[in-house]
file structure.cif (mmCIF, C-alpha atoms and all ligand atoms)
data_start
loop_
_atom_site.label_atom_id
_atom_site.label_comp_id
_atom_site.auth_asym_id
_atom_site.auth_seq_id
_atom_site.Cartn_x
_atom_site.Cartn_y
_atom_site.Cartn_z
CA MET P 1 40.54 79.38 67.09
CA ASP P 2 40.83 80.60 70.67
CA ILE P 3 43.38 83.32 69.92
CA ASN P 4 41.17 84.82 67.24
CA THR P 5 38.37 85.39 69.73
CA LEU P 6 40.53 87.91 71.61
CA TYR P 7 41.15 91.53 70.71
CA VAL P 8 44.36 92.65 72.42
CA GLN P 9 45.47 96.24 73.05
CA THR P 10 49.18 96.78 73.62
CA GLN P 11 51.27 99.75 74.74
CA GLY P 12 55.00 100.05 75.46
CA SER P 13 58.05 98.23 74.16
CA PHE P 14 57.81 94.46 73.71
CA ARG P 15 61.44 94.30 74.90
CA ASN P 16 60.28 95.15 78.44
CA GLU P 17 58.76 92.79 80.99
CA ALA P 18 55.10 92.17 80.09
CA ILE P 19 52.05 92.87 82.26
CA ILE P 20 48.70 91.44 81.12
CA PHE P 21 45.65 93.33 82.39
CA LEU P 22 42.48 91.19 82.62
CA HIS P 23 39.19 93.05 82.68
CA ALA P 24 36.17 92.78 84.99
CA PHE P 25 32.59 91.91 84.02
CA PRO P 26 30.91 93.58 82.07
CA MET P 27 33.88 95.74 81.11
CA THR P 28 36.50 95.67 78.34
CA SER P 29 40.24 96.30 78.05
CA ASP P 30 39.42 100.03 78.02
CA MET P 31 39.00 99.94 81.81
CA TRP P 32 42.83 99.68 82.00
CA LYS P 33 43.53 102.92 80.10
CA GLU P 34 45.16 104.69 83.07
CA GLN P 35 47.25 101.64 83.95
CA MET P 36 48.43 101.05 80.38
CA SER P 37 49.42 104.64 79.96
CA PHE P 38 51.31 104.66 83.29
CA PHE P 39 53.05 101.28 83.13
CA SER P 40 53.88 101.36 79.42
CA LYS P 41 56.77 103.67 80.30
CA THR P 42 58.52 100.75 82.03
CA HIS P 43 56.65 97.64 80.84
CA TYR P 44 55.09 96.04 77.79
CA THR P 45 51.40 96.33 78.69
CA LEU P 46 48.73 94.13 77.11
CA ALA P 47 44.99 93.99 77.73
CA PRO P 48 42.61 91.63 75.93
CA ASP P 49 38.88 92.05 75.34
CA LEU P 50 37.65 88.57 76.26
CA PRO P 51 35.36 86.70 73.81
CA GLY P 52 31.98 88.48 73.68
CA PHE P 53 33.23 91.68 75.35
CA GLY P 54 34.06 94.84 73.36
CA LYS P 55 35.91 93.74 70.24
CA GLY P 56 36.42 90.19 71.52
CA VAL P 57 34.60 87.79 69.22
CA LEU P 58 31.99 85.39 70.57
CA PRO P 59 32.39 81.99 68.84
CA PHE P 60 29.35 80.35 67.22
CA HIS P 61 29.41 77.50 69.73
CA ALA P 62 28.52 77.66 73.43
CA ILE P 63 31.35 78.92 75.61
CA THR P 64 32.40 78.46 79.23
CA PHE P 65 34.86 80.30 81.47
CA GLU P 66 37.54 77.83 80.30
CA HIS P 67 37.35 79.40 76.82
CA TYR P 68 38.55 82.69 78.30
CA VAL P 69 41.36 80.78 80.01
CA ASP P 70 42.28 78.90 76.81
CA ALA P 71 42.15 82.08 74.74
CA VAL P 72 44.54 84.07 76.93
CA ILE P 73 46.98 81.19 77.50
CA SER P 74 47.06 80.41 73.75
CA PHE P 75 47.61 84.07 72.99
CA LEU P 76 50.58 84.30 75.40
CA ARG P 77 52.16 81.15 73.95
CA GLU P 78 51.53 82.23 70.37
CA ALA P 79 52.94 85.73 71.03
CA GLY P 80 56.08 84.15 72.53
CA ILE P 81 55.54 85.83 75.92
CA LYS P 82 57.30 83.25 78.06
CA ARG P 83 56.68 84.80 81.48
CA SER P 84 54.57 87.80 82.45
CA ILE P 85 52.82 89.51 85.34
CA TRP P 86 49.06 89.00 85.42
CA CYS P 87 46.84 91.70 86.86
CA GLY P 88 43.13 90.87 87.03
CA LEU P 89 40.24 92.73 88.62
CA SER P 90 37.23 90.73 89.83
CA MET P 91 36.35 88.46 86.84
CA GLY P 92 39.87 89.20 85.62
CA GLY P 93 41.15 87.90 88.97
CA TYR P 94 39.10 84.68 88.66
CA LEU P 95 40.71 84.34 85.24
CA ALA P 96 44.27 84.98 86.49
CA MET P 97 43.89 82.34 89.23
CA ARG P 98 42.45 79.80 86.81
CA MET P 99 45.21 80.56 84.27
CA TYR P 100 47.74 80.00 87.04
CA GLU P 101 46.26 76.57 87.74
CA ARG P 102 46.53 75.71 84.05
CA ALA P 103 49.86 77.33 83.08
CA PRO P 104 51.89 78.48 86.12
CA GLU P 105 55.11 78.44 84.08
CA LEU P 106 53.89 81.50 82.14
CA CYS P 107 53.40 83.65 85.25
CA SER P 108 56.06 85.69 87.07
CA GLY P 109 53.81 87.64 89.45
CA LEU P 110 50.13 88.08 90.29
CA ILE P 111 48.09 91.18 91.08
CA LEU P 112 44.62 90.19 92.26
CA ALA P 113 42.27 93.14 92.65
CA ASN P 114 38.72 93.10 94.06
CA THR P 115 38.39 89.38 93.53
CA LYS P 116 37.83 86.09 95.35
CA ALA P 117 38.58 82.39 95.03
CA ALA P 118 35.12 80.92 95.61
CA ALA P 119 32.78 79.93 92.77
CA ASP P 120 29.12 81.01 92.64
CA ASP P 121 26.68 79.49 95.13
CA ASN P 122 23.04 78.91 94.14
CA ALA P 123 21.92 82.40 95.18
CA ALA P 124 24.62 84.00 92.99
CA LYS P 125 23.63 81.74 90.08
CA GLU P 126 19.97 82.71 90.42
CA LYS P 127 20.95 86.38 90.29
CA ARG P 128 22.83 85.78 87.04
CA TRP P 129 19.84 83.96 85.49
CA SER P 130 17.51 86.88 86.31
CA THR P 131 20.03 89.34 84.88
CA ILE P 132 20.06 87.37 81.60
CA LYS P 133 16.25 87.58 81.49
CA MET P 134 16.15 91.35 82.01
CA LEU P 135 19.12 92.25 79.78
CA HIS P 136 17.32 92.33 76.42
CA SER P 137 14.40 94.48 77.51
CA HIS P 138 16.08 96.57 80.22
CA ARG P 139 19.57 97.32 78.95
CA GLU P 140 19.74 100.83 80.48
CA GLU P 141 18.55 99.53 83.85
CA PHE P 142 21.28 96.87 83.75
CA ILE P 143 23.97 99.51 83.15
CA ALA P 144 22.59 101.76 85.91
CA LYS P 145 22.46 98.87 88.40
CA GLN P 146 26.05 97.86 87.58
CA TRP P 147 27.25 101.44 88.06
CA HIS P 148 25.65 101.68 91.50
CA ALA P 149 27.00 98.31 92.58
CA MET P 150 30.51 98.81 91.26
CA VAL P 151 31.61 102.16 92.65
CA SER P 152 31.80 103.74 96.10
CA LYS P 153 29.36 106.39 97.33
CA SER P 154 31.87 109.18 96.68
CA SER P 155 32.62 107.91 93.16
CA LEU P 156 28.90 108.03 92.27
CA GLU P 157 29.31 111.81 91.96
CA LYS P 158 32.15 111.60 89.43
CA VAL P 159 30.56 112.58 86.12
CA LYS P 160 33.57 111.80 83.93
CA LEU P 161 34.03 108.39 85.50
CA LYS P 162 30.34 107.58 85.03
CA LYS P 163 30.45 108.55 81.35
CA CYS P 164 33.55 106.45 80.82
CA PHE P 165 31.95 103.48 82.61
CA GLN P 166 28.77 103.75 80.50
CA GLU P 167 30.77 103.95 77.28
CA ILE P 168 32.78 100.86 78.18
CA VAL P 169 29.76 98.75 79.19
CA SER P 170 27.90 99.83 76.01
CA LYS P 171 30.65 98.26 73.90
CA SER P 172 29.45 94.70 74.55
CA ASP P 173 26.18 93.32 73.16
CA GLU P 174 23.59 91.25 75.06
CA GLU P 175 24.86 87.96 73.62
CA GLY P 176 28.39 88.56 74.89
CA ILE P 177 27.21 89.72 78.29
CA SER P 178 24.79 86.78 78.66
CA ALA P 179 27.54 84.34 77.67
CA GLY P 180 29.69 86.03 80.31
CA LEU P 181 27.02 85.51 82.96
CA VAL P 182 26.68 81.81 82.13
CA SER P 183 30.47 81.44 82.11
CA LEU P 184 30.78 83.17 85.49
CA ALA P 185 27.98 81.10 87.06
CA THR P 186 29.54 77.83 85.92
CA ARG P 187 33.22 78.67 86.52
CA MET P 188 35.50 76.47 88.61
CA ASP P 189 36.26 77.21 92.27
CA ASN P 190 39.84 78.50 92.68
CA THR P 191 40.26 77.85 96.42
CA GLU P 192 42.62 74.91 95.97
CA THR P 193 44.76 76.89 93.54
CA LEU P 194 45.77 79.37 96.25
CA ALA P 195 48.12 76.90 97.94
CA HIS P 196 49.84 76.22 94.60
CA ILE P 197 50.77 79.87 94.01
CA THR P 198 54.50 80.42 94.45
CA VAL P 199 55.01 83.69 92.54
CA PRO P 200 55.02 87.10 94.32
CA THR P 201 51.41 88.17 94.75
CA LEU P 202 49.83 91.52 95.50
CA ILE P 203 46.19 91.64 96.58
CA LEU P 204 44.24 94.88 96.21
CA ALA P 205 40.92 95.58 97.91
CA GLY P 206 38.53 98.51 97.53
CA GLU P 207 37.83 100.24 100.85
CA HIS P 208 34.08 100.26 100.17
CA ASP P 209 33.68 97.32 97.77
CA LYS P 210 30.02 96.19 97.90
CA ILE P 211 30.56 93.23 95.56
CA ILE P 212 33.63 91.54 97.07
CA PRO P 213 33.83 91.95 100.86
CA LEU P 214 37.21 92.53 102.49
CA SER P 215 36.96 89.09 104.17
CA GLU P 216 37.30 87.44 100.73
CA MET P 217 40.45 89.42 100.02
CA GLN P 218 41.83 88.54 103.48
CA PHE P 219 41.14 84.90 102.69
CA LEU P 220 43.29 85.23 99.56
CA GLN P 221 46.07 86.87 101.56
CA GLU P 222 45.99 84.16 104.25
CA ASN P 223 46.11 81.36 101.72
CA ILE P 224 48.63 82.66 99.17
CA GLN P 225 52.10 82.23 100.60
CA GLY P 226 54.01 85.51 101.06
CA SER P 227 51.24 87.64 99.54
CA ARG P 228 50.59 91.25 100.53
CA LEU P 229 47.18 92.93 100.90
CA GLU P 230 46.68 96.65 100.27
CA ILE P 231 43.47 98.65 100.52
CA ILE P 232 42.76 101.35 97.94
CA LYS P 233 41.21 104.32 99.76
CA GLY P 234 37.83 105.74 98.78
CA THR P 235 37.13 103.08 96.18
CA GLY P 236 34.41 100.52 95.64
CA HIS P 237 34.72 97.55 93.29
CA LEU P 238 36.29 99.42 90.36
CA SER P 239 39.36 100.44 92.34
CA ASN P 240 41.66 100.95 89.34
CA MET P 241 39.31 103.45 87.68
CA GLU P 242 38.09 105.15 90.86
CA ASN P 243 41.53 105.90 92.29
CA PRO P 244 44.10 105.23 89.55
CA ASP P 245 46.85 107.20 91.32
CA ASP P 246 46.88 105.02 94.45
CA PHE P 247 46.20 101.85 92.45
CA ASN P 248 49.18 102.53 90.18
CA LYS P 249 51.44 103.58 93.05
CA VAL P 250 50.88 100.36 95.00
CA ILE P 251 51.53 98.30 91.87
CA ALA P 252 54.65 100.32 91.01
CA ASP P 253 56.02 99.63 94.52
CA PHE P 254 55.22 95.93 94.13
CA LEU P 255 56.97 95.79 90.74
CA ALA P 256 60.01 97.59 92.16
CA SER P 257 60.14 95.09 95.05
CA LEU P 258 60.23 92.19 92.58
CA HIS P 259 63.46 93.53 91.16
CA THR P 260 64.97 94.38 94.57
CA ASP P 261 64.14 90.86 95.81
CA HIS P 262 65.69 89.45 92.65
CA VAL P 263 68.90 91.48 93.11
CA ASN P 264 69.06 90.57 96.82
CA SER P 265 68.68 86.87 96.15
CA SER P 266 71.33 87.02 93.40
CA LEU P 267 73.71 88.70 95.87
CA LEU P 268 73.07 85.97 98.42
CA ASN P 269 73.75 83.18 95.91
C1 LIG L 1 33.24 91.72 88.05
O1 LIG L 1 33.42 92.89 88.39
O2 LIG L 1 34.00 91.14 87.25
C2 LIG L 1 32.03 91.00 88.58
O3 LIG L 1 31.55 91.64 89.71
C3 LIG L 1 32.35 89.57 88.86
C4 LIG L 1 31.16 88.77 89.26
O4 LIG L 1 30.04 89.16 88.94
O5 LIG L 1 31.35 87.72 89.91
#
call {"tool": "encode", "arguments": {"input": "structure.cif", "output": "structure tokens"}}
result
Amino acid sequence: MDINTLYVQTQGSFRNEAIIFLHAFPMTSDMWKEQMSFFSKTHYTLAPDLPGFGKGVLPFHAITFEHYVDAVISFLREAGIKRSIWCGLSMGGYLAMRMYERAPELCSGLILANTKAAADDNAAKEKRWSTIKMLHSHREEFIAKQWHAMVSKSSLEKVKLKKCFQEIVSKSDEEGISAGLVSLATRMDNTETLAHITVPTLILAGEHDKIIPLSEMQFLQENIQGSRLEIIKGTGHLSNMENPDDFNKVIADFLASLHTDHVNSSLLN
């Protein structure tokens, strides 16, 4: 059941190491277009639309954040992807951390972008409830508000980026987005998971992120053993779409270091 609620885009050869890209709210797998095109030359890239987003199917029963977790873990197991790198931005990062808590044996490296470990407090929950109320009657206003919150001041001027953003957000209906808001508001706190993470981890922050402050990203870095924090210049919350060149470069360096570290440790053994 859970696998069928996902729609998964893939690019690259399945013989290569896999990277799973996990989308933000209220986006879809299409937000990873630049990353899939870049990394598919060296990796097998996969990006799901989570249930209720884009082509991801919302089940008939009520869902929680754990359904997203179940769906992606079941998909990886079913597809025979034994170990892979998980790259999640914001909601996608909450998902990657929660997946790690549930199935660490499937993960070989983590890339956590514009995300945090803490769950919603009451003020954040209240904001989600009012968004649900306004969604049906004020859809355009919702999209406009998201755009302003998610990108940096300089990105606001980028016409092509704005069009792309609007097209992606328009791919999910109100039911899927509302289910997403309830799932986000009731998700588990991932703080305790940080100490359990033993895979190489890269943390990416947006220089001008208005949604996730740098202090949250620093908290991740301080609490995930051996992790590295990089700041993506000129970006807000949607760092991968606002500055794909720098975003991809930092990830490419991280991926290369995984192999160098592996070779070095084999030489030492
Ligand atoms: C996201 O980009 O996924 C959202 O900002 C996450 C959230 O609302 O907590």
call {"tool": "residues_near_ligand", "arguments": {"input": "structure.cif", "ligand": "ligand LIG 1 (chain L)", "cutoff": "10 Å", "atoms": "only C-alpha atoms and all ligand atoms", "output": "ChimeraX atom specification"}}
result
/P:22-27,88-95,113-116,118-120,124-125,127-128,146,149-150,180-181,184-185,187,210-212,237-238
call {"tool": "atom_distance", "arguments": {"input": "structure.cif", "atom1": "atom CA of P:Ser155", "atom2": "atom CA of P:Met241"}}
result
9.7 Å
call {"tool": "atom_distance", "arguments": {"input": "structure.cif", "atom1": "atom CA of P:Leu214", "atom2": "atom CA of P:Phe39"}}
result
26.5 Å
call {"tool": "axis_aligned_box", "arguments": {"input": "structure.cif", "around": "stretch 224-235 of chain P", "padding_each_side": "8 Å", "output": "lines of an AutoDock Vina configuration file"}}
result
center_x = 45.6
center_y = 94.0
center_z = 98.6
size_x = 32.9
size_y = 39.5
size_z = 20.9
call {"tool": "closest_residue", "arguments": {"input": "structure.cif", "among": "P:Arg139, P:His43, P:Lys145, P:His196", "to": "P:Ile177", "atoms": "all atoms listed in the file"}}
result
P:Arg139
call {"tool": "atom_distance", "arguments": {"input": "structure.cif", "atom1": "atom CA of P:Pro48", "atom2": "atom CA of P:Thr235"}}
result
23.9 Å
call {"tool": "residues_around", "arguments": {"input": "structure.cif", "residues": "P:Phe53", "least_positions_apart": "3", "cutoff": "6 Å", "atoms": "only C-alpha atoms", "output": "list of chain:residue names"}}
result
P:Thr28, P:Asp49, P:Leu50, P:Gly56, P:Ser172, P:Gly176
call {"tool": "residues_around", "arguments": {"input": "structure.cif", "residues": "P:Ile73", "least_positions_apart": "5", "cutoff": "10 Å", "atoms": "all atoms listed in the file", "output": "tab-separated table (two decimals) with C-alpha atoms, in the frame of the given file"}}
result
chain	number	residue	atom	x	y	z
P	2	ASP	CA	40.83	80.60	70.67
P	3	ILE	CA	43.38	83.32	69.92
P	67	HIS	CA	37.35	79.40	76.82
P	68	TYR	CA	38.55	82.69	78.30
P	78	GLU	CA	51.53	82.23	70.37
P	79	ALA	CA	52.94	85.73	71.03
P	81	ILE	CA	55.54	85.83	75.92
P	99	MET	CA	45.21	80.56	84.27
P	100	TYR	CA	47.74	80.00	87.04
P	102	ARG	CA	46.53	75.71	84.05
P	103	ALA	CA	49.86	77.33	83.08
P	106	LEU	CA	53.89	81.50	82.14
call {"tool": "residues_around", "arguments": {"input": "structure.cif", "residues": "P:Gln9", "least_positions_apart": "2", "cutoff": "8 Å", "atoms": "only C-alpha atoms", "output": "list in words"}}
result
Tyr7, Gln11, Ser29, Leu46, Ala47 and Pro48 of chain P
call {"tool": "closest_residue", "arguments": {"input": "structure.cif", "among": "P:Ser37, P:Ala123, P:Pro59, P:Trp147", "to": "P:Glu175", "atoms": "only C-alpha atoms"}}
result
P:Pro59
call {"tool": "closest_residue", "arguments": {"input": "structure.cif", "among": "P:Val69, P:Ile232, P:Lys82, P:Glu167", "to": "P:Phe247", "atoms": "all atoms listed in the file"}}
result
P:Ile232
call {"tool": "residues_around", "arguments": {"input": "structure.cif", "residues": "P:Cys164", "least_positions_apart": "5", "cutoff": "12 Å", "atoms": "only C-alpha atoms", "output": "number ranges by chain"}}
result
P: 27-28, 30-34, 147, 158-159, 169-171, 241-242
call {"tool": "residues_near_point", "arguments": {"input": "structure.cif", "point": "(32.2, 80.1, 79.2)", "cutoff": "7 Å", "atoms": "all atoms listed in the file", "output": "MDAnalysis selection string"}}
result
chainID P and resid 63:68 179:180 182:183
call {"tool": "write_last_selection", "arguments": {"input": "structure.cif", "atoms": "C-alpha atoms", "output": "tab-separated table (two decimals), in the coordinates of the input"}}
result
chain	number	residue	atom	x	y	z
P	63	ILE	CA	31.35	78.92	75.61
P	64	THR	CA	32.40	78.46	79.23
P	65	PHE	CA	34.86	80.30	81.47
P	66	GLU	CA	37.54	77.83	80.30
P	67	HIS	CA	37.35	79.40	76.82
P	68	TYR	CA	38.55	82.69	78.30
P	179	ALA	CA	27.54	84.34	77.67
P	180	GLY	CA	29.69	86.03	80.31
P	182	VAL	CA	26.68	81.81	82.13
P	183	SER	CA	30.47	81.44	82.11
call {"tool": "closest_residue", "arguments": {"input": "structure.cif", "among": "P:Ile111, P:Leu161, P:Ala117, P:Leu58", "to": "P:Ser215", "atoms": "all atoms listed in the file"}}
result
P:Ala117
call {"tool": "closest_residue", "arguments": {"input": "structure.cif", "among": "P:Ala205, P:Phe254, P:Pro244, P:Glu192", "to": "P:Ile231", "atoms": "only C-alpha atoms"}}
result
P:Ala205
call {"tool": "residues_around", "arguments": {"input": "structure.cif", "residues": "P:Gln221", "least_positions_apart": "5", "cutoff": "9 Å", "atoms": "only C-alpha atoms", "output": "MDAnalysis selection string"}}
result
chainID P and resid 201:203 216 226:229
call {"tool": "write_last_selection", "arguments": {"input": "structure.cif", "atoms": "C-alpha atoms", "output": "PDB file, in the coordinates of the input"}}
result
ATOM      1  CA  THR P 201      51.410  88.170  94.750  1.00  0.00           C
ATOM      2  CA  LEU P 202      49.830  91.520  95.500  1.00  0.00           C
ATOM      3  CA  ILE P 203      46.190  91.640  96.580  1.00  0.00           C
ATOM      4  CA  GLU P 216      37.300  87.440 100.730  1.00  0.00           C
ATOM      5  CA  GLY P 226      54.010  85.510 101.060  1.00  0.00           C
ATOM      6  CA  SER P 227      51.240  87.640  99.540  1.00  0.00           C
ATOM      7  CA  ARG P 228      50.590  91.250 100.530  1.00  0.00           C
ATOM      8  CA  LEU P 229      47.180  92.930 100.900  1.00  0.00           C
TER       9      LEU P 229
END
call {"tool": "closest_residue", "arguments": {"input": "structure.cif", "among": "P:Gln166, P:Ser74, P:Thr186, P:Ser40", "to": "P:Asp121", "atoms": "all atoms listed in the file"}}
result
P:Thr186
